[in-house]
$ cat data_13.cif   # mmCIF, C-alpha atoms
data_input
loop_
_atom_site.label_atom_id
_atom_site.label_comp_id
_atom_site.auth_asym_id
_atom_site.auth_seq_id
_atom_site.Cartn_x
_atom_site.Cartn_y
_atom_site.Cartn_z
CA MET A 177 -5.99 81.19 44.18
CA SER A 178 -9.38 82.92 44.46
CA GLY A 179 -10.31 83.15 40.79
CA ALA A 180 -12.20 79.84 40.55
CA ALA A 181 -14.51 80.73 43.43
CA VAL A 182 -15.39 84.26 42.32
CA GLU A 183 -15.52 83.75 38.54
CA GLY A 184 -18.87 85.14 37.41
CA ARG A 185 -19.96 86.06 40.94
CA VAL A 186 -21.46 89.48 41.62
CA ALA A 187 -19.31 91.41 44.09
CA MET A 188 -20.26 94.74 45.64
CA VAL A 189 -17.46 96.87 47.10
CA THR A 190 -18.21 100.07 49.01
CA GLY A 191 -15.79 102.96 49.26
CA ALA A 192 -14.44 101.68 45.96
CA ALA A 193 -13.15 104.91 44.45
CA SER A 194 -9.85 105.00 46.34
CA GLY A 195 -7.56 103.26 48.78
CA ILE A 196 -8.51 99.82 50.07
CA GLY A 197 -11.84 99.73 48.26
CA ARG A 198 -10.21 100.48 44.94
CA ALA A 199 -7.67 97.69 45.50
CA CYS A 200 -10.45 95.24 46.44
CA ALA A 201 -12.56 96.14 43.41
CA ALA A 202 -9.59 95.79 41.05
CA ARG A 203 -8.49 92.47 42.55
CA LEU A 204 -11.97 90.89 42.48
CA ALA A 205 -12.49 92.09 38.91
CA ALA A 206 -9.12 90.58 37.93
CA ASP A 207 -10.29 87.30 39.47
CA GLY A 208 -13.36 87.30 37.24
CA ALA A 209 -16.06 88.77 39.47
CA LYS A 210 -18.69 91.17 38.17
CA VAL A 211 -17.94 94.12 40.42
CA ILE A 212 -20.41 96.77 41.53
CA ALA A 213 -18.26 99.65 42.75
CA VAL A 214 -20.05 101.96 45.19
CA ASP A 215 -18.76 105.32 46.42
CA TRP A 216 -20.03 108.83 47.06
CA SER A 217 -17.50 110.27 44.60
CA ALA A 218 -18.67 110.09 41.00
CA ASP A 219 -15.33 111.50 39.83
CA GLY A 220 -13.42 108.88 41.79
CA LEU A 221 -15.57 106.11 40.32
CA ALA A 222 -15.01 107.46 36.81
CA ALA A 223 -11.25 107.33 37.37
CA LEU A 224 -11.54 103.77 38.69
CA ALA A 225 -13.63 102.67 35.72
CA ALA A 226 -11.05 104.13 33.35
CA ASP A 227 -8.39 101.90 34.93
CA VAL A 228 -10.57 98.82 35.50
CA PRO A 229 -12.95 98.38 32.55
CA GLY A 230 -16.25 96.58 32.94
CA LEU A 231 -17.20 97.78 36.41
CA ASP A 232 -20.76 98.72 37.34
CA THR A 233 -20.22 102.02 39.16
CA ARG A 234 -22.80 103.53 41.51
CA ALA A 235 -22.40 106.98 43.09
CA VAL A 236 -24.32 106.65 46.36
CA ASP A 237 -24.38 108.40 49.73
CA LEU A 238 -24.24 105.42 52.08
CA THR A 239 -25.45 107.50 55.03
CA ASP A 240 -28.84 107.54 53.24
CA VAL A 241 -30.73 104.30 53.96
CA ASP A 242 -33.18 104.92 51.10
CA ALA A 243 -30.26 105.26 48.67
CA ILE A 244 -28.82 101.97 49.93
CA ALA A 245 -32.19 100.28 49.36
CA ALA A 246 -31.97 101.20 45.67
CA LEU A 247 -28.74 99.23 45.20
CA PRO A 248 -28.81 95.68 43.74
CA THR A 249 -29.55 92.93 46.25
CA ASP A 250 -28.54 89.90 44.16
CA VAL A 251 -25.00 90.16 45.49
CA ASP A 252 -22.83 87.07 46.04
CA ILE A 253 -19.87 88.87 47.62
CA LEU A 254 -20.19 91.98 49.78
CA VAL A 255 -17.14 93.99 50.84
CA ASN A 256 -18.09 96.66 53.37
CA ASN A 257 -15.21 99.09 53.20
CA ALA A 258 -16.51 102.69 53.09
CA GLY A 259 -15.29 104.84 55.94
CA VAL A 260 -14.26 108.28 57.09
CA GLN A 261 -12.31 109.59 60.05
CA HIS A 262 -12.59 112.52 62.41
CA VAL A 263 -9.96 113.24 65.06
CA SER A 264 -11.10 115.15 68.12
CA PRO A 265 -11.26 114.81 71.93
CA VAL A 266 -14.56 113.32 73.12
CA GLU A 267 -15.65 116.51 74.87
CA GLU A 268 -15.21 118.46 71.62
CA PHE A 269 -16.39 115.76 69.20
CA PRO A 270 -19.28 117.11 67.07
CA ILE A 271 -22.38 115.01 67.67
CA GLU A 272 -23.43 115.23 64.03
CA GLN A 273 -20.01 113.94 62.96
CA PHE A 274 -20.22 111.04 65.42
CA GLU A 275 -23.63 110.12 64.05
CA ARG A 276 -22.48 110.42 60.42
CA ILE A 277 -19.52 108.09 61.01
CA HIS A 278 -21.75 105.49 62.65
CA ARG A 279 -24.32 105.70 59.86
CA LEU A 280 -21.63 105.18 57.23
CA MET A 281 -19.47 102.61 59.00
CA LEU A 282 -21.98 100.54 61.01
CA LEU A 283 -25.57 101.21 59.92
CA ALA A 284 -24.75 101.04 56.19
CA PRO A 285 -22.97 97.67 56.46
CA PHE A 286 -25.92 96.33 58.47
CA VAL A 287 -28.42 97.48 55.85
CA LEU A 288 -26.33 96.13 52.97
CA ILE A 289 -25.87 92.78 54.70
CA ARG A 290 -29.57 92.64 55.60
CA GLN A 291 -30.71 93.14 52.03
CA SER A 292 -28.06 90.85 50.51
CA LEU A 293 -28.54 87.82 52.77
CA PRO A 294 -31.83 86.54 51.25
CA HIS A 295 -30.13 86.06 47.86
CA MET A 296 -27.07 84.46 49.47
CA TYR A 297 -29.25 82.14 51.55
CA GLU A 298 -31.37 81.16 48.57
CA GLN A 299 -28.35 80.05 46.55
CA GLY A 300 -26.51 78.55 49.52
CA TRP A 301 -23.36 80.62 49.01
CA GLY A 302 -22.19 84.05 50.04
CA ARG A 303 -19.09 85.88 51.21
CA ILE A 304 -19.20 88.96 53.42
CA VAL A 305 -15.92 90.71 54.17
CA ASN A 306 -16.01 93.69 56.50
CA VAL A 307 -12.99 95.95 56.29
CA SER A 308 -12.50 96.71 59.96
CA SER A 309 -9.23 97.96 61.41
CA VAL A 310 -6.78 97.36 64.19
CA HIS A 311 -9.07 99.93 65.81
CA GLY A 312 -11.80 97.30 65.78
CA LEU A 313 -9.64 95.47 68.32
CA ARG A 314 -7.77 98.31 70.04
CA ALA A 315 -8.57 101.93 70.86
CA SER A 316 -6.67 105.13 70.24
CA ALA A 317 -7.28 108.53 71.74
CA PHE A 318 -9.26 111.16 69.81
CA LYS A 319 -11.04 108.62 67.55
CA SER A 320 -14.17 107.81 69.55
CA ALA A 321 -16.54 107.54 66.58
CA TYR A 322 -14.22 105.50 64.36
CA VAL A 323 -13.15 103.12 67.14
CA SER A 324 -16.69 102.52 68.39
CA ALA A 325 -18.03 102.01 64.85
CA LYS A 326 -15.29 99.47 64.06
CA HIS A 327 -15.90 97.65 67.35
CA GLY A 328 -19.58 97.48 66.42
CA LEU A 329 -18.71 96.16 62.97
CA GLU A 330 -16.74 93.35 64.60
CA GLY A 331 -19.81 92.29 66.58
CA LEU A 332 -22.10 92.54 63.56
CA SER A 333 -19.72 90.42 61.50
CA LYS A 334 -19.59 87.67 64.12
CA THR A 335 -23.37 87.63 64.52
CA VAL A 336 -23.85 87.26 60.76
CA ALA A 337 -21.26 84.47 60.75
CA LEU A 338 -23.27 82.50 63.29
CA GLU A 339 -26.58 83.05 61.53
CA GLY A 340 -25.25 82.24 58.07
CA ALA A 341 -23.03 79.28 58.89
CA ASP A 342 -25.54 76.58 57.94
CA LYS A 343 -26.57 78.46 54.80
CA GLY A 344 -23.20 78.62 53.05
CA VAL A 345 -22.52 82.24 53.99
CA THR A 346 -19.31 83.36 55.69
CA SER A 347 -18.65 86.68 57.38
CA ASN A 348 -15.20 87.91 58.39
CA CYS A 349 -13.29 91.06 59.21
CA VAL A 350 -9.90 92.19 57.99
CA ASN A 351 -8.02 94.39 60.44
CA PRO A 352 -5.16 96.40 58.99
CA ALA A 353 -3.09 98.97 60.81
CA TYR A 354 -2.37 102.20 58.93
CA VAL A 355 -2.73 101.74 55.16
CA ARG A 356 -1.35 104.14 52.58
CA THR A 357 -4.70 105.69 51.60
CA PRO A 358 -6.17 109.21 51.25
CA LEU A 359 -7.97 108.64 54.58
CA VAL A 360 -4.67 108.07 56.38
CA GLU A 361 -2.97 110.95 54.59
CA LYS A 362 -5.69 113.28 55.87
CA GLN A 363 -5.29 111.85 59.37
CA ILE A 364 -1.62 112.81 59.43
CA ALA A 365 -2.51 116.50 59.28
CA ASP A 366 -5.39 116.11 61.76
CA GLN A 367 -3.26 114.21 64.27
CA ALA A 368 -0.44 116.72 63.92
CA ARG A 369 -2.90 119.39 65.04
CA VAL A 370 -4.38 117.39 67.94
CA HIS A 371 -1.05 116.04 69.25
CA GLY A 372 0.96 119.20 68.63
CA LEU A 373 3.47 117.37 66.42
CA SER A 374 4.85 117.81 62.94
CA GLU A 375 3.44 115.55 60.23
CA ASP A 376 6.69 113.55 60.07
CA GLU A 377 6.52 113.07 63.83
CA VAL A 378 2.93 111.81 63.55
CA VAL A 379 3.98 109.01 61.20
CA GLU A 380 6.97 108.06 63.35
CA LYS A 381 5.65 108.64 66.89
CA VAL A 382 1.92 107.95 66.53
CA MET A 383 1.24 105.71 63.54
CA LEU A 384 4.30 103.47 63.54
CA THR A 385 5.08 103.32 67.27
CA PRO A 386 2.62 100.47 68.06
CA VAL A 387 3.73 98.28 65.15
CA ALA A 388 6.76 96.03 64.85
CA VAL A 389 6.89 96.31 61.06
CA LYS A 390 7.78 99.95 60.60
CA ARG A 391 5.97 100.84 57.38
CA LEU A 392 2.53 101.70 56.08
CA ILE A 393 0.54 98.84 54.54
CA GLU A 394 -0.19 99.02 50.82
CA PRO A 395 -3.86 98.80 49.72
CA ALA A 396 -3.13 95.86 47.40
CA GLU A 397 -2.06 93.79 50.42
CA VAL A 398 -5.53 94.22 51.92
CA GLY A 399 -7.11 93.44 48.55
CA ASP A 400 -5.20 90.17 48.43
CA LEU A 401 -6.48 89.13 51.87
CA VAL A 402 -10.05 90.04 50.94
CA ALA A 403 -9.73 87.94 47.78
CA PHE A 404 -8.49 84.99 49.82
CA LEU A 405 -11.55 85.22 52.09
CA CYS A 406 -13.75 84.94 49.01
CA GLY A 407 -11.69 82.13 47.48
CA PRO A 408 -11.80 78.35 47.32
CA SER A 409 -10.16 77.79 50.72
CA SER A 410 -12.52 80.08 52.65
CA ALA A 411 -15.59 77.89 53.22
CA SER A 412 -14.72 77.08 56.85
CA ILE A 413 -13.34 80.53 57.69
CA THR A 414 -16.05 82.59 59.35
CA GLY A 415 -16.56 84.79 62.38
CA SER A 416 -12.87 85.67 62.36
CA SER A 417 -10.88 88.88 62.43
CA PHE A 418 -7.68 88.81 60.38
CA THR A 419 -5.06 91.17 61.71
CA MET A 420 -2.55 92.61 59.30
CA ASP A 421 -1.32 95.10 61.82
CA GLY A 422 2.44 94.73 61.71
CA GLY A 423 2.44 93.19 65.18
CA TRP A 424 0.36 95.92 66.88
CA THR A 425 -1.89 93.47 68.75
CA ALA A 426 1.04 91.21 69.66
CA HIS A 427 1.90 93.61 72.51
#

$ encode --input "data_13.cif" --output "structure tokens"
Amino acid sequence: MSGAAVEGRVAMVTGAASGIGRACAARLAADGAKVIAVDWSADGLAALAADVPGLDTRAVDLTDVDAIAALPTDVDILVNNAGVQHVSPVEEFPIEQFERIHRLMLLAPFVLIRQSLPHMYEQGWGRIVNVSSVHGLRASAFKSAYVSAKHGLEGLSKTVALEGADKGVTSNCVNPAYVRTPLVEKQIADQARVHGLSEDEVVEKVMLTPVAVKRLIEPAEVGDLVAFLCGPSSASITGSSFTMDGGWTAH
């Protein structure tokens, strides 16, 4: 359904080398977009490009504002997805890690949006999709940096939606629960350590307890929702947060 709207459009996807970002880049490319795939991992981008020919891959550290400034700004679709996780009690949380997570997951999206909006405004069309999380709407213990960054991303997304509404630009968040990605796989081991559980118990007792649908989400499901928000039926959808959380926030 989204192909007609994105055909020939330039789409930038961050964190594109794996997980959700990879699924978004592949889906938008399949729909006919010219995809700029951004990630810190050059090896991961090379593997992506081998599977999805025709991508413009850029190995960039998105915690570096000067490096972000060197990226293309004539972007029609921006998918802010890059993220990392660190699991630790607040009183033990490394300050430098907290700052790094906020630079990557809140400052970088702001800078990318800021430098992409003039082009979007000039042409009267743009789509910004911020990959948030159920943790943009709810909190969990031991994830202070991730939760606060995602909550900030929610506010940024809504502000951009209001500012861009009369200029043809939409801004939305997608909010999945736990997705089957390398980030989540690493979390299983970290949460096992913090909670004093086995890794199997983490999946059952921590990750799947809040959800009604007892399974991990597949990255392609998120890619499909992102594609919809860039598609022909998305013009009046803005300032929203789309939960795909298996019923987590229904409680």

$ resolve_selection --input "data_13.cif" --expression "the PyMOL selection byres ((chain A and resi 258-270) around 7)" --output "PDB file with C-alpha atoms, keeping the file's coordinate frame"
ATOM      1  CA  THR A 190     -18.210 100.070  49.010  1.00  0.00           C
ATOM      2  CA  GLY A 191     -15.790 102.960  49.260  1.00  0.00           C
ATOM      3  CA  ASN A 256     -18.090  96.660  53.370  1.00  0.00           C
ATOM      4  CA  ASN A 257     -15.210  99.090  53.200  1.00  0.00           C
ATOM      5  CA  ILE A 271     -22.380 115.010  67.670  1.00  0.00           C
ATOM      6  CA  GLU A 272     -23.430 115.230  64.030  1.00  0.00           C
ATOM      7  CA  GLN A 273     -20.010 113.940  62.960  1.00  0.00           C
ATOM      8  CA  PHE A 274     -20.220 111.040  65.420  1.00  0.00           C
ATOM      9  CA  ILE A 277     -19.520 108.090  61.010  1.00  0.00           C
ATOM     10  CA  LEU A 280     -21.630 105.180  57.230  1.00  0.00           C
ATOM     11  CA  MET A 281     -19.470 102.610  59.000  1.00  0.00           C
ATOM     12  CA  PHE A 318      -9.260 111.160  69.810  1.00  0.00           C
ATOM     13  CA  LYS A 319     -11.040 108.620  67.550  1.00  0.00           C
ATOM     14  CA  SER A 320     -14.170 107.810  69.550  1.00  0.00           C
ATOM     15  CA  TYR A 322     -14.220 105.500  64.360  1.00  0.00           C
ATOM     16  CA  LEU A 359      -7.970 108.640  54.580  1.00  0.00           C
ATOM     17  CA  ASP A 366      -5.390 116.110  61.760  1.00  0.00           C
ATOM     18  CA  GLN A 367      -3.260 114.210  64.270  1.00  0.00           C
TER      19      GLN A 367
END

$ resolve_selection --input "data_13.cif" --expression "the PyMOL selection byres ((chain A and resi 245) around 12)" --output "list of chain:residue names"
A:Val236, A:Asp237, A:Leu238, A:Thr239, A:Asp240, A:Val241, A:Asp242, A:Ala243, A:Ile244, A:Ala246, A:Leu247, A:Pro248, A:Thr249, A:Ala284, A:Pro285, A:Phe286, A:Val287, A:Leu288, A:Ile289, A:Arg290, A:Gln291, A:Ser292

$ write_last_selection --input "data_13.cif" --atoms "C-alpha atoms" --output "PDB file, keeping the file's coordinate frame"
ATOM      1  CA  VAL A 236     -24.320 106.650  46.360  1.00  0.00           C
ATOM      2  CA  ASP A 237     -24.380 108.400  49.730  1.00  0.00           C
ATOM      3  CA  LEU A 238     -24.240 105.420  52.080  1.00  0.00           C
ATOM      4  CA  THR A 239     -25.450 107.500  55.030  1.00  0.00           C
ATOM      5  CA  ASP A 240     -28.840 107.540  53.240  1.00  0.00           C
ATOM      6  CA  VAL A 241     -30.730 104.300  53.960  1.00  0.00           C
ATOM      7  CA  ASP A 242     -33.180 104.920  51.100  1.00  0.00           C
ATOM      8  CA  ALA A 243     -30.260 105.260  48.670  1.00  0.00           C
ATOM      9  CA  ILE A 244     -28.820 101.970  49.930  1.00  0.00           C
ATOM     10  CA  ALA A 246     -31.970 101.200  45.670  1.00  0.00           C
ATOM     11  CA  LEU A 247     -28.740  99.230  45.200  1.00  0.00           C
ATOM     12  CA  PRO A 248     -28.810  95.680  43.740  1.00  0.00           C
ATOM     13  CA  THR A 249     -29.550  92.930  46.250  1.00  0.00           C
ATOM     14  CA  ALA A 284     -24.750 101.040  56.190  1.00  0.00           C
ATOM     15  CA  PRO A 285     -22.970  97.670  56.460  1.00  0.00           C
ATOM     16  CA  PHE A 286     -25.920  96.330  58.470  1.00  0.00           C
ATOM     17  CA  VAL A 287     -28.420  97.480  55.850  1.00  0.00           C
ATOM     18  CA  LEU A 288     -26.330  96.130  52.970  1.00  0.00           C
ATOM     19  CA  ILE A 289     -25.870  92.780  54.700  1.00  0.00           C
ATOM     20  CA  ARG A 290     -29.570  92.640  55.600  1.00  0.00           C
ATOM     21  CA  GLN A 291     -30.710  93.140  52.030  1.00  0.00           C
ATOM     22  CA  SER A 292     -28.060  90.850  50.510  1.00  0.00           C
TER      23      SER A 292
END

$ resolve_selection --input "data_13.cif" --expression "the PyMOL selection byres ((chain A and resi 198-207) around 10)" --output "PyMOL selection string"
chain A and resi 177-197+208-215+220-221+224-225+227-231+253+255+257+394-403+406-407

$ axis_aligned_box --input "data_13.cif" --around "segment 252-255 of chain A" --padding-each-side "5 Å" --output "AutoDock Vina command-line options"
--center_x -20.0 --center_y 90.5 --center_z 48.4 --size_x 15.7 --size_y 16.9 --size_z 14.8

$ closest_residue --input "data_13.cif" --among "A:Ser409, A:Ala388, A:Ile364, A:Ala226" --to "Asp376 of chain A" --atoms "all atoms listed in the file"
A:Ile364

$ residues_around --input "data_13.cif" --residues "Gln299 of chain A" --least-positions-apart "5" --cutoff "9 Å" --atoms "only C-alpha atoms" --output "list of chain:residue names"
A:Asp252, A:Pro294, A:Lys343, A:Gly344

$ atom_distance --input "data_13.cif" --atom1 "atom CA of Arg314 of chain A" --atom2 "atom CA of His327 of chain A"
8.6 Å

$ decode --input "data_13.cif" --residues "segment 255-356 of chain A" --atoms "C-alpha atoms" --output "compact mmCIF listing (two decimals), in the first residue's frame"
# COMPACT_ATOMS: atom_id res chain seq x y z
CA VAL A 255 13.39 7.03 10.20
CA ASN A 256 15.14 7.65 13.52
CA ASN A 257 15.82 4.17 14.81
CA ALA A 258 19.39 3.92 16.15
CA GLY A 259 19.59 2.95 19.79
CA VAL A 260 21.52 1.11 22.47
CA GLN A 261 20.65 -0.16 25.92
CA HIS A 262 22.36 -0.27 29.29
CA VAL A 263 20.81 -2.01 32.29
CA SER A 264 21.85 -0.77 35.70
CA PRO A 265 20.34 0.68 38.91
CA VAL A 266 20.27 4.49 38.89
CA GLU A 267 22.79 4.79 41.73
CA GLU A 268 25.28 2.67 39.76
CA PHE A 269 24.46 3.95 36.26
CA PRO A 270 27.65 5.31 34.62
CA ILE A 271 27.20 8.99 33.83
CA GLU A 272 29.11 8.70 30.56
CA GLN A 273 26.82 5.85 29.47
CA PHE A 274 23.72 7.89 30.33
CA GLU A 275 25.04 10.79 28.28
CA ARG A 276 25.98 8.54 25.34
CA ILE A 277 22.50 7.01 25.20
CA HIS A 278 20.87 10.44 25.22
CA ARG A 279 23.20 11.73 22.51
CA LEU A 280 22.41 8.76 20.29
CA MET A 281 18.70 8.39 20.99
CA LEU A 282 17.51 11.98 21.53
CA LEU A 283 20.12 14.53 20.41
CA ALA A 284 20.87 12.71 17.13
CA PRO A 285 17.19 12.50 16.10
CA PHE A 286 16.80 16.20 16.91
CA VAL A 287 19.81 17.15 14.78
CA LEU A 288 18.71 14.92 11.90
CA ILE A 289 15.18 16.32 11.99
CA ARG A 290 16.50 19.88 12.27
CA GLN A 291 18.67 19.57 9.18
CA SER A 292 16.07 17.64 7.14
CA LEU A 293 13.07 19.90 7.74
CA PRO A 294 14.09 22.78 5.41
CA HIS A 295 14.05 20.41 2.41
CA MET A 296 10.77 18.84 3.50
CA TYR A 297 9.19 22.26 4.04
CA GLU A 298 10.41 23.55 0.69
CA GLN A 299 8.78 20.71 -1.21
CA GLY A 300 5.68 20.58 0.99
CA TRP A 301 6.05 16.90 1.85
CA GLY A 302 7.94 14.91 4.44
CA ARG A 303 7.57 11.89 6.68
CA ILE A 304 9.38 11.52 10.00
CA VAL A 305 9.00 8.23 11.85
CA ASN A 306 10.67 7.92 15.23
CA VAL A 307 11.16 4.38 16.43
CA SER A 308 10.30 4.80 20.08
CA SER A 309 9.28 1.93 22.34
CA VAL A 310 6.69 0.88 24.84
CA HIS A 311 9.30 2.42 27.14
CA GLY A 312 8.46 5.78 25.60
CA LEU A 313 5.08 5.37 27.30
CA ARG A 314 5.93 3.21 30.33
CA ALA A 315 8.96 2.81 32.57
CA SER A 316 10.90 -0.24 33.68
CA ALA A 317 13.43 -0.51 36.45
CA PHE A 318 17.16 -0.37 35.66
CA LYS A 319 16.71 1.43 32.30
CA SER A 320 16.83 5.10 33.32
CA ALA A 321 18.74 6.34 30.27
CA TYR A 322 16.75 4.39 27.68
CA VAL A 323 13.37 5.21 29.23
CA SER A 324 14.11 8.91 29.62
CA ALA A 325 15.53 9.17 26.09
CA LYS A 326 12.45 7.49 24.60
CA HIS A 327 10.13 9.73 26.63
CA GLY A 328 12.05 12.71 25.26
CA LEU A 329 11.74 11.37 21.73
CA GLU A 330 7.97 11.21 22.17
CA GLY A 331 7.87 14.90 23.07
CA LEU A 332 10.18 15.86 20.22
CA SER A 333 8.05 13.94 17.75
CA LYS A 334 4.85 15.67 18.86
CA THR A 335 6.46 19.12 18.72
CA VAL A 336 7.67 18.50 15.16
CA ALA A 337 4.18 17.27 14.24
CA LEU A 338 2.65 20.56 15.36
CA GLU A 339 5.26 22.70 13.63
CA GLY A 340 5.16 20.76 10.37
CA ALA A 341 1.43 20.19 10.06
CA ASP A 342 0.74 23.10 7.70
CA LYS A 343 3.82 22.31 5.62
CA GLY A 344 2.97 18.76 4.56
CA VAL A 345 5.27 17.10 7.09
CA THR A 346 4.09 14.42 9.50
CA SER A 347 5.90 13.12 12.56
CA ASN A 348 4.94 9.97 14.44
CA CYS A 349 6.33 7.37 16.81
CA VAL A 350 6.07 3.61 16.66
CA ASN A 351 6.14 1.91 20.04
CA PRO A 352 6.93 -1.80 20.01
CA ALA A 353 7.42 -4.00 23.02
CA TYR A 354 10.35 -6.42 22.89
CA VAL A 355 11.43 -7.11 19.30
CA ARG A 356 13.62 -10.02 18.25
